[in-house]
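Q: Sending over structure_15.cif (mmCIF, N, CA and C atoms).
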data_query
loop_
_atom_site.label_atom_id
_atom_site.label_comp_id
_atom_site.auth_asym_id
_atom_site.auth_seq_id
_atom_site.Cartn_x
_atom_site.Cartn_y
_atom_site.Cartn_z
N MET V 241 128.90 171.74 130.57
CA MET V 241 130.23 171.83 130.01
C MET V 241 130.18 171.34 128.57
N THR V 242 130.91 172.00 127.70
CA THR V 242 131.06 171.55 126.32
C THR V 242 132.54 171.30 126.05
N ILE V 243 132.79 170.46 125.07
CA ILE V 243 134.15 170.20 124.62
C ILE V 243 134.21 170.60 123.16
N GLU V 244 135.18 171.45 122.82
CA GLU V 244 135.39 171.86 121.44
C GLU V 244 136.61 171.14 120.90
N TYR V 245 136.42 170.43 119.81
CA TYR V 245 137.50 169.68 119.17
C TYR V 245 137.99 170.49 117.97
N ASP V 246 139.26 170.87 117.99
CA ASP V 246 139.87 171.65 116.92
C ASP V 246 141.10 170.92 116.39
N GLU V 247 141.52 171.27 115.19
CA GLU V 247 142.75 170.72 114.61
C GLU V 247 142.82 169.20 114.76
N ILE V 248 141.86 168.51 114.22
CA ILE V 248 141.77 167.06 114.37
C ILE V 248 142.49 166.39 113.20
N VAL V 249 143.47 165.55 113.52
CA VAL V 249 144.21 164.81 112.51
C VAL V 249 144.09 163.33 112.83
N ALA V 250 143.64 162.53 111.85
CA ALA V 250 143.50 161.09 112.01
C ALA V 250 144.50 160.40 111.10
N SER V 251 145.18 159.38 111.63
CA SER V 251 146.18 158.63 110.88
C SER V 251 145.80 157.16 110.85
N LEU V 252 146.06 156.51 109.73
CA LEU V 252 145.72 155.10 109.53
C LEU V 252 146.99 154.28 109.40
N PHE V 253 147.06 153.19 110.17
CA PHE V 253 148.22 152.31 110.17
C PHE V 253 147.78 150.87 109.96
N TYR V 254 148.64 150.08 109.33
CA TYR V 254 148.48 148.63 109.31
C TYR V 254 149.63 148.12 110.15
N GLY V 255 149.34 147.59 111.35
CA GLY V 255 150.40 147.30 112.31
C GLY V 255 151.06 148.63 112.67
N SER V 256 152.38 148.71 112.50
CA SER V 256 153.07 149.98 112.75
C SER V 256 153.37 150.71 111.45
N GLY V 257 152.93 150.15 110.30
CA GLY V 257 153.19 150.77 109.00
C GLY V 257 152.19 151.86 108.67
N PHE V 258 152.69 153.08 108.48
CA PHE V 258 151.83 154.22 108.15
C PHE V 258 151.25 154.06 106.76
N ILE V 259 149.95 154.39 106.62
CA ILE V 259 149.28 154.30 105.32
C ILE V 259 148.79 155.66 104.86
N SER V 260 148.06 156.38 105.71
CA SER V 260 147.44 157.62 105.27
C SER V 260 147.09 158.51 106.45
N GLU V 261 146.87 159.79 106.15
CA GLU V 261 146.48 160.76 107.17
C GLU V 261 145.40 161.66 106.58
N THR V 262 144.47 162.11 107.42
CA THR V 262 143.41 163.00 106.96
C THR V 262 143.03 163.96 108.09
N ARG V 263 142.41 165.04 107.73
CA ARG V 263 141.91 166.01 108.72
C ARG V 263 140.40 165.83 108.85
N VAL V 264 139.90 166.10 110.04
CA VAL V 264 138.48 165.97 110.34
C VAL V 264 137.97 167.36 110.73
N LEU V 265 136.75 167.67 110.30
CA LEU V 265 136.17 168.97 110.61
C LEU V 265 136.03 169.17 112.12
N PRO V 266 136.35 170.36 112.62
CA PRO V 266 136.15 170.65 114.05
C PRO V 266 134.67 170.54 114.42
N PHE V 267 134.41 170.23 115.70
CA PHE V 267 133.03 170.14 116.17
C PHE V 267 132.98 170.37 117.66
N LYS V 268 131.75 170.60 118.17
CA LYS V 268 131.52 170.78 119.60
C LYS V 268 130.68 169.62 120.11
N GLN V 269 130.94 169.23 121.33
CA GLN V 269 130.20 168.15 121.96
C GLN V 269 129.63 168.65 123.28
N ARG V 270 128.32 168.58 123.40
CA ARG V 270 127.65 169.03 124.62
C ARG V 270 127.62 167.93 125.67
N LYS V 271 127.34 168.34 126.86
CA LYS V 271 127.24 167.42 128.00
C LYS V 271 126.23 166.31 127.71
N LYS V 272 126.61 165.08 127.99
CA LYS V 272 125.77 163.89 127.85
C LYS V 272 125.39 163.58 126.41
N PHE V 273 126.14 164.10 125.45
CA PHE V 273 125.89 163.80 124.04
C PHE V 273 126.99 162.90 123.52
N ARG V 274 126.63 162.04 122.60
CA ARG V 274 127.58 161.16 121.92
C ARG V 274 127.73 161.69 120.50
N SER V 275 128.96 161.77 120.02
CA SER V 275 129.21 162.29 118.67
C SER V 275 129.83 161.23 117.79
N THR V 276 129.41 161.20 116.55
CA THR V 276 130.00 160.31 115.55
C THR V 276 130.88 161.15 114.64
N VAL V 277 132.09 160.67 114.41
CA VAL V 277 133.04 161.38 113.57
C VAL V 277 133.38 160.50 112.37
N ASN V 278 133.25 161.06 111.18
CA ASN V 278 133.59 160.33 109.96
C ASN V 278 134.92 160.82 109.43
N ALA V 279 135.76 159.88 109.02
CA ALA V 279 137.04 160.22 108.42
C ALA V 279 137.21 159.37 107.17
N THR V 280 137.71 159.99 106.10
CA THR V 280 137.96 159.28 104.86
C THR V 280 139.46 159.29 104.61
N PHE V 281 140.02 158.10 104.44
CA PHE V 281 141.45 157.96 104.18
C PHE V 281 141.66 157.55 102.73
N SER V 282 142.76 158.00 102.15
CA SER V 282 143.11 157.59 100.79
C SER V 282 144.61 157.33 100.72
N ALA V 283 144.97 156.20 100.14
CA ALA V 283 146.38 155.87 99.95
C ALA V 283 146.75 155.90 98.47
N ALA V 284 145.85 156.43 97.63
CA ALA V 284 146.14 156.53 96.20
C ALA V 284 147.35 157.43 95.99
N ASP V 285 148.24 157.02 95.13
CA ASP V 285 149.47 157.76 94.82
C ASP V 285 150.37 157.95 96.03
N SER V 286 150.25 157.07 97.03
CA SER V 286 151.11 157.13 98.22
C SER V 286 152.02 155.92 98.26
N PHE V 287 153.18 156.07 98.87
CA PHE V 287 154.09 154.95 99.05
C PHE V 287 153.64 154.13 100.25
N VAL V 288 153.46 152.83 100.05
CA VAL V 288 153.14 151.91 101.13
C VAL V 288 154.19 150.80 101.07
N GLU V 289 154.84 150.53 102.19
CA GLU V 289 155.89 149.52 102.24
C GLU V 289 155.38 148.16 101.74
N ASP V 290 156.27 147.39 101.13
CA ASP V 290 155.90 146.07 100.59
C ASP V 290 155.30 145.16 101.65
N ARG V 291 155.91 145.15 102.85
CA ARG V 291 155.40 144.26 103.91
C ARG V 291 154.00 144.65 104.33
N VAL V 292 153.70 145.95 104.30
CA VAL V 292 152.37 146.43 104.66
C VAL V 292 151.36 146.03 103.59
N ALA V 293 151.71 146.27 102.32
CA ALA V 293 150.81 145.90 101.22
C ALA V 293 150.57 144.39 101.19
N SER V 294 151.62 143.59 101.42
CA SER V 294 151.47 142.13 101.44
C SER V 294 150.55 141.68 102.57
N GLY V 295 150.70 142.29 103.75
CA GLY V 295 149.85 141.95 104.89
C GLY V 295 148.40 142.30 104.64
N ILE V 296 148.16 143.46 104.04
CA ILE V 296 146.79 143.86 103.73
C ILE V 296 146.17 142.90 102.72
N ASN V 297 146.93 142.56 101.68
CA ASN V 297 146.42 141.61 100.67
C ASN V 297 146.11 140.25 101.28
N ALA V 298 146.95 139.78 102.18
CA ALA V 298 146.71 138.48 102.84
C ALA V 298 145.45 138.55 103.70
N ASP V 299 145.26 139.63 104.43
CA ASP V 299 144.06 139.79 105.26
C ASP V 299 142.80 139.91 104.42
N MET V 300 142.91 140.59 103.27
CA MET V 300 141.74 140.76 102.39
C MET V 300 141.20 139.41 101.93
N ALA V 301 142.08 138.42 101.79
CA ALA V 301 141.65 137.08 101.38
C ALA V 301 140.72 136.47 102.43
N HIS V 302 140.82 136.94 103.69
CA HIS V 302 139.95 136.44 104.77
C HIS V 302 138.71 137.29 104.95
N GLY V 303 138.58 138.37 104.18
CA GLY V 303 137.35 139.17 104.23
C GLY V 303 137.48 140.52 104.91
N THR V 304 138.31 140.63 105.94
CA THR V 304 138.48 141.92 106.61
C THR V 304 139.96 142.19 106.88
N VAL V 305 140.27 143.46 106.98
CA VAL V 305 141.62 143.90 107.31
C VAL V 305 141.53 144.70 108.60
N SER V 306 142.42 144.43 109.54
CA SER V 306 142.44 145.16 110.80
C SER V 306 143.46 146.28 110.74
N PHE V 307 142.99 147.51 110.95
CA PHE V 307 143.85 148.68 110.93
C PHE V 307 143.91 149.29 112.32
N ASN V 308 144.92 150.11 112.55
CA ASN V 308 145.02 150.92 113.76
C ASN V 308 144.76 152.36 113.35
N VAL V 309 143.97 153.07 114.15
CA VAL V 309 143.64 154.47 113.86
C VAL V 309 144.09 155.31 115.04
N LYS V 310 144.87 156.35 114.73
CA LYS V 310 145.34 157.28 115.76
C LYS V 310 144.77 158.65 115.46
N VAL V 311 144.20 159.29 116.48
CA VAL V 311 143.61 160.63 116.31
C VAL V 311 144.27 161.57 117.32
N LEU V 312 144.71 162.72 116.82
CA LEU V 312 145.23 163.79 117.66
C LEU V 312 144.32 164.99 117.47
N ALA V 313 143.90 165.63 118.56
CA ALA V 313 143.03 166.79 118.45
C ALA V 313 143.33 167.76 119.58
N ARG V 314 143.28 169.02 119.26
CA ARG V 314 143.33 170.06 120.29
C ARG V 314 141.91 170.22 120.81
N VAL V 315 141.74 170.16 122.11
CA VAL V 315 140.41 170.27 122.69
C VAL V 315 140.39 171.40 123.71
N GLN V 316 139.21 172.03 123.81
CA GLN V 316 138.98 173.06 124.82
C GLN V 316 137.76 172.65 125.63
N PHE V 317 137.90 172.70 126.93
CA PHE V 317 136.78 172.44 127.81
C PHE V 317 136.18 173.79 128.19
N ARG V 318 134.87 173.94 128.00
CA ARG V 318 134.20 175.23 128.29
C ARG V 318 132.98 175.01 129.18
N LYS V 319 132.76 175.98 130.04
CA LYS V 319 131.54 176.00 130.85
C LYS V 319 130.99 177.41 130.77
N GLY V 320 129.82 177.54 130.13
CA GLY V 320 129.27 178.87 129.89
C GLY V 320 130.22 179.66 129.01
N GLY V 321 130.59 180.85 129.42
CA GLY V 321 131.52 181.67 128.66
C GLY V 321 132.97 181.47 129.08
N TRP V 322 133.22 180.56 130.02
CA TRP V 322 134.57 180.34 130.54
C TRP V 322 135.28 179.21 129.81
N ARG V 323 136.50 179.47 129.38
CA ARG V 323 137.34 178.41 128.83
C ARG V 323 138.14 177.85 130.00
N LEU V 324 137.91 176.58 130.32
CA LEU V 324 138.53 175.99 131.50
C LEU V 324 139.93 175.47 131.21
N ARG V 325 140.07 174.71 130.13
CA ARG V 325 141.38 174.11 129.82
C ARG V 325 141.51 173.86 128.34
N ARG V 326 142.75 173.86 127.88
CA ARG V 326 143.10 173.41 126.52
C ARG V 326 144.03 172.23 126.68
N ARG V 327 143.78 171.20 125.92
CA ARG V 327 144.59 169.99 126.01
C ARG V 327 144.79 169.38 124.63
N LEU V 328 145.76 168.48 124.54
CA LEU V 328 145.95 167.67 123.34
C LEU V 328 145.37 166.30 123.64
N LEU V 329 144.37 165.92 122.89
CA LEU V 329 143.69 164.63 123.06
C LEU V 329 144.34 163.63 122.12
N ARG V 330 144.72 162.47 122.67
CA ARG V 330 145.31 161.39 121.88
C ARG V 330 144.41 160.16 121.98
N VAL V 331 143.98 159.65 120.84
CA VAL V 331 143.11 158.48 120.82
C VAL V 331 143.78 157.42 119.94
N LEU V 332 143.80 156.17 120.43
CA LEU V 332 144.33 155.06 119.65
C LEU V 332 143.32 153.93 119.65
N CYS V 333 142.86 153.57 118.46
CA CYS V 333 141.94 152.45 118.28
C CYS V 333 142.70 151.36 117.55
N ARG V 334 142.85 150.22 118.20
CA ARG V 334 143.60 149.10 117.61
C ARG V 334 142.67 148.09 116.98
N ASP V 335 143.17 147.46 115.94
CA ASP V 335 142.47 146.34 115.28
C ASP V 335 141.05 146.69 114.88
N VAL V 336 140.89 147.79 114.17
CA VAL V 336 139.59 148.21 113.66
C VAL V 336 139.32 147.42 112.38
N PRO V 337 138.29 146.55 112.38
CA PRO V 337 138.04 145.72 111.20
C PRO V 337 137.39 146.52 110.07
N VAL V 338 137.95 146.36 108.87
CA VAL V 338 137.46 147.05 107.68
C VAL V 338 137.27 146.02 106.57
N THR V 339 136.10 146.06 105.94
CA THR V 339 135.84 145.22 104.77
C THR V 339 136.18 146.06 103.54
N ILE V 340 137.02 145.52 102.67
CA ILE V 340 137.45 146.25 101.48
C ILE V 340 136.81 145.62 100.25
N SER V 341 136.16 146.46 99.45
CA SER V 341 135.47 145.98 98.25
C SER V 341 136.46 145.83 97.09
N ASN V 342 135.98 145.28 95.99
CA ASN V 342 136.83 145.05 94.81
C ASN V 342 137.37 146.35 94.22
N ASN V 343 136.66 147.46 94.40
CA ASN V 343 137.15 148.73 93.84
C ASN V 343 138.14 149.42 94.77
N GLY V 344 138.46 148.81 95.91
CA GLY V 344 139.45 149.36 96.82
C GLY V 344 138.90 150.21 97.95
N SER V 345 137.60 150.49 97.93
CA SER V 345 137.03 151.28 99.03
C SER V 345 136.74 150.35 100.21
N GLY V 346 136.78 150.90 101.41
CA GLY V 346 136.57 150.09 102.60
C GLY V 346 135.55 150.70 103.52
N LYS V 347 134.99 149.86 104.38
CA LYS V 347 133.99 150.32 105.34
C LYS V 347 134.24 149.60 106.66
N MET V 348 134.24 150.37 107.75
CA MET V 348 134.42 149.79 109.07
C MET V 348 133.26 148.85 109.37
N THR V 349 133.56 147.72 109.95
CA THR V 349 132.53 146.74 110.31
C THR V 349 132.59 146.47 111.81
N GLY V 350 131.54 145.91 112.34
CA GLY V 350 131.55 145.47 113.72
C GLY V 350 131.14 146.51 114.75
N GLY V 351 130.65 147.67 114.32
CA GLY V 351 130.14 148.66 115.28
C GLY V 351 131.23 149.44 115.99
N GLY V 352 130.88 150.01 117.15
CA GLY V 352 131.80 150.85 117.91
C GLY V 352 132.99 150.07 118.44
N ARG V 353 134.00 150.80 118.82
CA ARG V 353 135.24 150.21 119.32
C ARG V 353 135.63 150.84 120.64
N ASP V 354 136.28 150.07 121.49
CA ASP V 354 136.91 150.62 122.69
C ASP V 354 138.30 151.10 122.29
N CYS V 355 138.62 152.32 122.63
CA CYS V 355 139.89 152.91 122.25
C CYS V 355 140.56 153.49 123.49
N SER V 356 141.87 153.60 123.45
CA SER V 356 142.56 154.24 124.57
C SER V 356 142.62 155.74 124.31
N VAL V 357 142.36 156.52 125.36
CA VAL V 357 142.32 157.98 125.25
C VAL V 357 143.24 158.57 126.31
N THR V 358 144.08 159.50 125.88
CA THR V 358 144.98 160.22 126.79
C THR V 358 144.78 161.71 126.57
N VAL V 359 144.63 162.45 127.66
CA VAL V 359 144.48 163.92 127.58
C VAL V 359 145.66 164.56 128.25
#
Would you mind writing the file's structure down as structure tokens?
A:
Amino acid sequence: MTIEYDEIVASLFYGSGFISETRVLPFKQRKKFRSTVNATFSAADSFVEDRVASGINADMAHGTVSFNVKVLARVQFRKGGWRLRRRLLRVLCRDVPVTISNNGSGKMTGGGRDCSVTV
């Protein structure tokens, strides 16, 4: 069985405050394979609420900022030439630690995360 991920949209939040959204390239995942997905977010020229910006700045003083990442994707389950099901996959990863450098770019730290998944 393979899973095809289409129309993937990832959103970045600080607490419940929205920061940015990006699209991720579609991909296929084969049986017993693990896939890594990279997403780049940008909040340049975007409105971010004062409370969100203040919270991020306060966390940066401690070295890392914890964000929430939400991913929505249309997925198709396939076996051979048969399309078995189409579903909307919802993934929520809470408190993802990110180290932010002086130039404003950030990198996830701490390895993989346990996330909640709903199909």
Q: Determine the residue set returned by the PyMOL selection byres ((chain V and resi 259) around 8) for the present structure, and present it as a VMD selection string.
A: chain V and resid 251 to 254 256 to 258 260 to 261 281 to 284 286 to 289
Q: List the residues selected by the PyMOL selection byres ((chain V and resi 265) around 6.5) in the file shown, writing them as a list in words.
A: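 Selected by the PyMOL selection byres ((chain V and resi 265) around 6.5) in this file: Tyr245, Ile248, Arg263, Val264, Pro266 and Phe267 of chain V.
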Q: What is the distance between atom CA of Val249 of chain V and atom CA of Val336 of chain V, in Å to one decimal?
A: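 So the two atoms, atom CA of Val249 of chain V and atom CA of Val336 of chain V, lie 17.3 Å apart.
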Q: Measuring between all atoms listed in the file, which one of V:Val359, V:Cys333, V:Ala293, V:Leu328 shows the shortest distance to Lys310 of chain V?
A: V:Cys333
Q: Could you write out as a VMD selection string the residues that the PyMOL selection byres ((chain V and resi 356) around 6.5) matches in the shown file?
A: chain V and resid 330 to 334 354 to 355 357 to 358
Q: Can you work out the spacing between atom CA of Ser275 of chain V and atom N of Gly352 of chain V in Å, to one decimal?
A: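 Those two atoms sit 12.5 Å apart.
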Q: If you run DSSP on the backbone here, which positions in segment 283-349 of chain V get alpha helix (DSSP H)? Please write them as number ranges by chain.
A: V: 290-300
Q: Take the residues from that selection and write them out as a PDB file, keeping the file's coordinate frame, keeping N, CA and C atoms.
A:
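Wrote it out as out_23.pdb, contents follow:
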ATOM      1  N   ASP V 290     156.270 147.390 101.130  1.00  0.00           N
ATOM      2  CA  ASP V 290     155.900 146.070 100.590  1.00  0.00           C
ATOM      3  C   ASP V 290     155.300 145.160 101.650  1.00  0.00           C
ATOM      4  N   ARG V 291     155.910 145.150 102.850  1.00  0.00           N
ATOM      5  CA  ARG V 291     155.400 144.260 103.910  1.00  0.00           C
ATOM      6  C   ARG V 291     154.000 144.650 104.330  1.00  0.00           C
ATOM      7  N   VAL V 292     153.700 145.950 104.300  1.00  0.00           N
ATOM      8  CA  VAL V 292     152.370 146.430 104.660  1.00  0.00           C
ATOM      9  C   VAL V 292     151.360 146.030 103.590  1.00  0.00           C
ATOM     10  N   ALA V 293     151.710 146.270 102.320  1.00  0.00           N
ATOM     11  CA  ALA V 293     150.810 145.900 101.220  1.00  0.00           C
ATOM     12  C   ALA V 293     150.570 144.390 101.190  1.00  0.00           C
ATOM     13  N   SER V 294     151.620 143.590 101.420  1.00  0.00           N
ATOM     14  CA  SER V 294     151.470 142.130 101.440  1.00  0.00           C
ATOM     15  C   SER V 294     150.550 141.680 102.570  1.00  0.00           C
ATOM     16  N   GLY V 295     150.700 142.290 103.750  1.00  0.00           N
ATOM     17  CA  GLY V 295     149.850 141.950 104.890  1.00  0.00           C
ATOM     18  C   GLY V 295     148.400 142.300 104.640  1.00  0.00           C
ATOM     19  N   ILE V 296     148.160 143.460 104.040  1.00  0.00           N
ATOM     20  CA  ILE V 296     146.790 143.860 103.730  1.00  0.00           C
ATOM     21  C   ILE V 296     146.170 142.900 102.720  1.00  0.00           C
ATOM     22  N   ASN V 297     146.930 142.560 101.680  1.00  0.00           N
ATOM     23  CA  ASN V 297     146.420 141.610 100.670  1.00  0.00           C
ATOM     24  C   ASN V 297     146.110 140.250 101.280  1.00  0.00           C
ATOM     25  N   ALA V 298     146.950 139.780 102.180  1.00  0.00           N
ATOM     26  CA  ALA V 298     146.710 138.480 102.840  1.00  0.00           C
ATOM     27  C   ALA V 298     145.450 138.550 103.700  1.00  0.00           C
ATOM     28  N   ASP V 299     145.260 139.630 104.430  1.00  0.00           N
ATOM     29  CA  ASP V 299     144.060 139.790 105.260  1.00  0.00           C
ATOM     30  C   ASP V 299     142.800 139.910 104.420  1.00  0.00           C
ATOM     31  N   MET V 300     142.910 140.590 103.270  1.00  0.00           N
ATOM     32  CA  MET V 300     141.740 140.760 102.390  1.00  0.00           C
ATOM     33  C   MET V 300     141.200 139.410 101.930  1.00  0.00           C
TER      34      MET V 300
END
Q: Give the answer as one residue: which of V:Gln316, V:Thr339, V:Thr280, V:Ser345 has the shortest atom-to-atom distance to Met300 of chain V, using all atoms listed in the file?
A: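 Result for the nearest residue to Met300 of chain V: V:Thr339.
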